[in-house]
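target.txt follows; it contains compact mmCIF, C-alpha atoms.
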# COMPACT_ATOMS: atom_id res chain seq x y z
CA MET A 21 -25.24 93.84 96.94
CA LEU A 22 -23.96 90.31 97.45
CA LEU A 23 -26.27 87.38 96.69
CA ILE A 24 -25.55 84.29 98.79
CA ASN A 25 -27.51 81.05 98.48
CA ILE A 26 -26.61 78.83 101.47
CA SER A 27 -29.54 76.47 100.97
CA SER A 28 -28.18 74.24 98.21
CA ASP A 29 -25.53 71.53 98.09
CA LYS A 30 -22.96 74.10 96.94
CA VAL A 31 -23.04 77.62 98.31
CA ALA A 32 -23.33 80.26 95.60
CA LEU A 33 -21.90 83.79 95.86
CA ASP A 34 -22.65 86.42 93.22
CA ASP A 35 -21.80 90.13 93.51
CA GLY A 36 -22.79 90.97 89.95
CA ASN A 37 -19.20 90.87 88.71
CA ARG A 38 -18.03 87.47 89.85
CA GLN A 39 -19.66 84.21 90.85
CA GLU A 40 -18.31 81.36 92.91
CA ARG A 41 -19.61 78.03 94.21
CA LEU A 42 -18.12 76.50 97.33
CA ASP A 43 -18.31 72.80 98.19
CA ARG A 44 -19.75 71.78 101.55
CA ASN A 45 -16.77 69.54 102.32
CA GLY A 46 -14.12 71.68 103.99
CA ILE A 47 -16.35 74.78 104.01
CA GLU A 48 -15.18 75.69 107.51
CA ASP A 49 -11.63 76.12 106.18
CA VAL A 50 -12.46 77.90 102.92
CA LEU A 51 -15.34 80.15 103.87
CA GLY A 52 -13.65 82.64 106.21
CA PRO A 53 -10.83 83.57 103.82
CA THR A 54 -13.22 83.64 100.83
CA LEU A 55 -15.71 85.94 102.52
CA LEU A 56 -12.95 88.27 103.75
CA ASP A 57 -11.36 88.36 100.30
CA TRP A 58 -14.67 89.26 98.65
CA HIS A 59 -15.38 91.96 101.23
CA LYS A 60 -11.87 93.41 100.99
CA SER A 61 -11.61 93.42 97.18
CA SER A 62 -15.15 94.69 96.57
CA PRO A 63 -16.80 95.83 99.83
CA PHE A 64 -20.50 95.02 100.02
CA GLN A 65 -22.93 96.70 102.37
CA ASP A 66 -25.99 94.56 101.62
CA VAL A 67 -26.44 90.78 101.43
CA PHE A 68 -29.46 88.95 100.04
CA LEU A 69 -29.29 85.59 101.82
CA ILE A 70 -31.30 82.55 100.71
CA ASN A 71 -31.30 80.85 104.08
CA GLY A 72 -32.64 77.31 104.26
CA PRO A 73 -33.94 74.76 104.31
CA GLY A 74 -30.72 73.08 103.31
CA GLY A 75 -27.71 71.22 104.63
CA PHE A 76 -27.12 71.95 108.31
CA THR A 77 -23.36 72.46 107.83
CA ASN A 78 -23.77 75.10 105.13
CA LEU A 79 -26.46 76.94 107.08
CA ARG A 80 -24.62 76.83 110.40
CA VAL A 81 -21.15 77.76 109.13
CA TRP A 82 -22.33 80.51 106.76
CA THR A 83 -24.54 82.31 109.27
CA LEU A 84 -21.74 82.11 111.84
CA MET A 85 -19.22 83.61 109.38
CA LEU A 86 -21.57 86.38 108.26
CA ASN A 87 -22.18 87.31 111.89
CA MET A 88 -18.44 87.28 112.64
CA LEU A 89 -17.74 89.49 109.62
CA ASN A 90 -20.44 91.88 110.74
CA ALA A 91 -18.94 92.01 114.24
CA VAL A 92 -15.90 93.83 112.79
CA ALA A 93 -17.33 95.46 109.65
CA GLU A 94 -17.89 99.22 109.58
CA PRO A 95 -20.41 100.18 108.45
CA LYS A 96 -22.43 97.12 109.39
CA ILE A 97 -23.58 94.86 106.58
CA GLN A 98 -27.35 94.79 106.12
CA ILE A 99 -28.52 91.18 105.66
CA PHE A 100 -31.85 90.47 103.97
CA SER A 101 -32.45 86.85 104.97
CA VAL A 102 -35.29 84.84 103.42
CA ASP A 103 -36.10 81.14 103.57
CA LYS A 104 -36.93 79.25 100.38
CA LEU A 105 -40.54 78.57 101.41
CA THR A 106 -41.24 82.30 101.70
CA LEU A 107 -39.31 83.17 98.55
CA PHE A 108 -40.81 80.39 96.44
CA ALA A 109 -44.36 81.07 97.69
CA HIS A 110 -43.92 84.67 96.55
CA LEU A 111 -42.61 83.59 93.13
CA VAL A 112 -45.51 81.12 92.74
CA GLU A 113 -47.97 83.88 93.65
CA GLN A 114 -46.32 86.11 91.03
CA LYS A 115 -46.80 83.26 88.48
CA VAL A 116 -43.04 83.05 87.95
CA LEU A 117 -42.90 79.42 89.12
CA PRO A 118 -45.40 76.54 88.96
CA ALA A 119 -47.18 75.66 92.21
CA ILE A 120 -45.25 72.44 92.94
CA TRP A 121 -41.65 72.39 94.16
CA ALA A 122 -39.62 69.18 93.83
CA ILE A 123 -37.16 69.01 96.71
CA TYR A 124 -34.15 66.85 95.90
CA LEU A 125 -32.68 65.37 99.08
CA TRP A 126 -29.71 63.47 97.66
CA GLN A 127 -31.62 60.20 97.38
CA LYS A 128 -31.58 58.02 94.28
CA HIS A 129 -35.25 57.05 94.22
CA ASN A 130 -37.24 59.51 96.34
CA ILE A 131 -38.04 63.19 96.19
CA TRP A 132 -40.30 65.50 98.19
CA LEU A 133 -43.00 67.66 96.65
CA THR A 134 -44.18 70.89 98.26
CA ASP A 135 -47.55 72.17 97.10
CA PHE A 136 -47.95 75.94 97.32
CA THR A 137 -51.66 75.83 96.49
CA THR A 138 -52.35 74.91 100.12
CA ASN A 139 -51.92 77.26 103.07
CA PRO A 140 -49.57 76.46 104.67
CA PRO A 141 -47.76 74.59 101.89
CA THR A 142 -47.89 70.81 102.27
CA THR A 143 -45.04 68.40 101.62
CA LYS A 144 -45.06 64.69 100.80
CA GLU A 145 -42.45 62.16 99.72
CA ILE A 146 -42.84 60.36 96.38
CA LYS A 147 -40.80 58.15 94.07
CA ILE A 148 -38.84 60.06 91.43
CA SER A 149 -40.56 57.88 88.82
CA GLU A 150 -43.93 59.38 89.93
CA LEU A 151 -42.80 62.97 89.46
CA PRO A 152 -45.42 65.18 87.76
CA ALA A 153 -44.30 67.22 84.74
CA ASP A 154 -45.13 70.74 85.92
CA VAL A 155 -42.79 71.16 88.89
CA PHE A 156 -39.71 73.23 89.60
CA LEU A 157 -36.43 72.16 91.15
CA ASP A 158 -34.18 74.58 93.00
CA GLU A 159 -30.54 74.92 92.07
CA VAL A 160 -28.66 71.67 92.70
CA CYS A 161 -25.13 70.83 91.58
CA ASP A 162 -24.99 67.18 92.68
CA GLN A 163 -24.11 64.92 89.74
CA TYR A 164 -26.81 62.44 90.77
CA ARG A 165 -29.67 64.96 90.77
CA PRO A 166 -32.68 64.29 88.53
CA ASN A 167 -31.82 64.93 84.88
CA TRP A 168 -34.70 67.38 84.19
CA THR A 169 -32.53 70.47 84.53
CA GLU A 170 -34.89 72.48 82.31
CA ASN A 171 -37.11 72.73 85.42
CA MET A 172 -34.27 73.98 87.61
CA ILE A 173 -34.28 77.59 88.77
CA HIS A 174 -31.19 79.79 88.86
CA PHE A 175 -30.49 82.90 90.94
CA SER A 176 -28.26 85.73 89.74
CA ASN A 177 -27.19 89.25 90.59
CA GLN A 178 -26.83 91.85 87.86
CA LYS A 179 -25.92 95.42 88.75
CA ASP A 180 -27.41 94.99 92.24
CA LYS A 181 -30.66 93.61 90.86
CA LEU A 182 -31.60 90.07 91.84
CA PHE A 183 -33.06 87.66 89.32
CA VAL A 184 -34.49 84.17 89.19
CA THR A 185 -34.42 82.34 85.87
CA TYR A 186 -36.84 79.51 85.16
CA GLN A 187 -37.16 77.79 81.78
CA ASP A 188 -35.08 80.53 80.11
CA LYS A 189 -37.31 83.33 81.46
CA LYS A 190 -35.69 85.83 83.79
CA HIS A 191 -37.68 87.65 86.49
CA GLU A 192 -36.47 90.31 88.89
CA ILE A 193 -36.84 89.68 92.63
CA ILE A 194 -37.82 92.91 94.41
CA ILE A 195 -36.70 92.69 98.04
CA GLN A 196 -39.36 95.15 99.19
CA ASP A 197 -42.09 92.85 97.82
CA LEU A 198 -40.93 90.11 100.20
CA ASN A 199 -41.50 92.28 103.30
CA ILE A 200 -38.22 91.25 104.92
CA LYS A 201 -36.36 93.66 107.12
CA PRO A 202 -32.57 93.92 107.08
CA THR A 203 -30.64 92.69 110.08
CA VAL A 204 -27.00 92.72 111.17
CA HIS A 205 -27.25 89.31 112.89
CA VAL A 206 -28.72 86.27 111.18
CA GLU A 207 -29.77 82.83 112.41
CA ALA A 208 -29.67 79.63 110.37
CA ASP A 209 -33.17 78.79 109.13
CA TYR A 210 -33.17 75.00 109.39
CA MET A 211 -36.98 74.67 109.12
CA ILE A 212 -36.59 71.53 111.26
CA GLU A 213 -34.46 71.32 114.35
CA PRO A 214 -31.07 69.72 113.71
CA VAL A 215 -30.05 66.74 115.80
CA LEU A 216 -26.56 67.38 117.14
CA ASN A 217 -24.52 64.61 118.79

Would you mind writing the structure in this file as structure tokens?
Amino acid sequence: MLLINISSDKVALDDGNRQERLDRNGIEDVLGPTLLDWHKSSPFQDVFLINGPGGFTNLRVWTLMLNMLNAVAEPKIQIFSVDKLTLFAHLVEQKVLPAIWAIYLWQKHNIWLTDFTTNPPTTKEIKISELPADVFLDEVCDQYRPNWTENMIHFSNQKDKLFVTYQDKKHEIIIQDLNIKPTVHVEADYMIEPVLN
């Protein structure tokens, strides 16, 4: 199984043997050859895709490339696509993560908080200086991100088992528990509609 996280500032690939992070800038030139190389050198039949919300370019280009690869792949690649709100709500329910998610949006002074104790989860913008202590931050590589990396989660793939690590504790993610069905064609999960010029 190949783990792909397209919802962060750098796209992460992890097949259990090798890991790679791809920058958003120039992704349209690098992605196709990278994905083909990974599939050719170590064919994967399943993909666990963390699909948005995130940068529109990463989401759009990655889903397009996965669909193009699947147009020629035999057998077809089964894609288990999940958005972060669904995945994180499940991990909060399992008591793996605290109930508040700090969403870093590449701003110096502001951050969004999503509260999973409400149904549906509610989101509000706050100043970084007002950040509560018991929150989690998804994986961000940006050098200007908040410096509380001990609250950052990390996804990994080990022998076709998916894991999330939070505060040095590792928990397995069971795909069946998420009730997502595999597909051979995936759409970008923007969560909000992109504005295209």

Find, counting only C-alpha atoms, the residue in A:Asn78, A:Phe68, A:Asn139, A:Pro118 that gets nearest to Gly46 of chain A.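 The shortest atom-to-atom distance to Gly46 of chain A comes from A:Asn78.
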
Which centre and which edge lengths, in Å to one decimal, describe the axis-aligned box that holds all listed atoms of segment 94-101 of chain A after 5 Å is added on each side, as lines of an AutoDock Vina configuration file?
center_x = -25.2
center_y = 93.5
center_z = 106.8
size_x = 24.6
size_y = 23.3
size_z = 15.6

Excluding same-chain residues fewer than 3 positions from Pro152 of chain A, what lies within 10 Å of it counting all atoms listed in the file, as a PDB file with C-alpha atoms, in the frame of the given file?
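Result written to out-v7.pdb:
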ATOM      1  CA  ILE A 120     -45.250  72.440  92.940  1.00  0.00           C
ATOM      2  CA  ALA A 122     -39.620  69.180  93.830  1.00  0.00           C
ATOM      3  CA  LEU A 133     -43.000  67.660  96.650  1.00  0.00           C
ATOM      4  CA  ILE A 148     -38.840  60.060  91.430  1.00  0.00           C
ATOM      5  CA  SER A 149     -40.560  57.880  88.820  1.00  0.00           C
ATOM      6  CA  VAL A 155     -42.790  71.160  88.890  1.00  0.00           C
TER       7      VAL A 155
END

Just how far from atom CA of Leu69 of chain A is atom CA of Asn37 of chain A, in Å to one decimal? 17.4 Å

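Counting all atoms listed in the file, the residue from A:Tyr124, A:Ser28, A:Gln65, A:Asn171 that sits nearest to Ile99 of chain A is A:Gln65.
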
Residue with smallest distance to Asp49 of chain A - pool A:Leu107, A:Met85, A:Ile195, A:Val102, counting only C-alpha atoms: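 Of all the options, A:Met85 lies closest to Asp49 of chain A.
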
Atom pair atom CA of Glu40 of chain A / atom CA of Gly75 of chain A: separation (Å): 18.1 Å

Just want the 10 Å neighbourhood of Arg38 of chain A, counted on all atoms listed in the file, with same-chain residues fewer than 3 positions away dropped. Output as a PyMOL selection string. chain A and resi 33-35+58+177

Which one is closest to His110 of chain A: A:Asp57, A:Thr137, A:Lys30, A:Val67? Count only C-alpha atoms. A:Thr137

Nearest to Tyr210 of chain A: which of A:Leu22, A:Ile70, A:Val31, A:Leu56 is it, counting all atoms listed in the file?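 Of the candidates, the smallest distance to Tyr210 of chain A is held by A:Ile70.
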
Quick check, in Å to one decimal: how far apart do atom CA of Phe136 of chain A and atom CA of Glu113 of chain A lie? 8.7 Å

Point out the residue among A:Glu94, A:Glu48, A:Asp135, A:Glu145 with the least atom-to-atom distance to Ala109 of chain A, counting only C-alpha atoms.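 That would be A:Asp135, the residue with the smallest distance to Ala109 of chain A.
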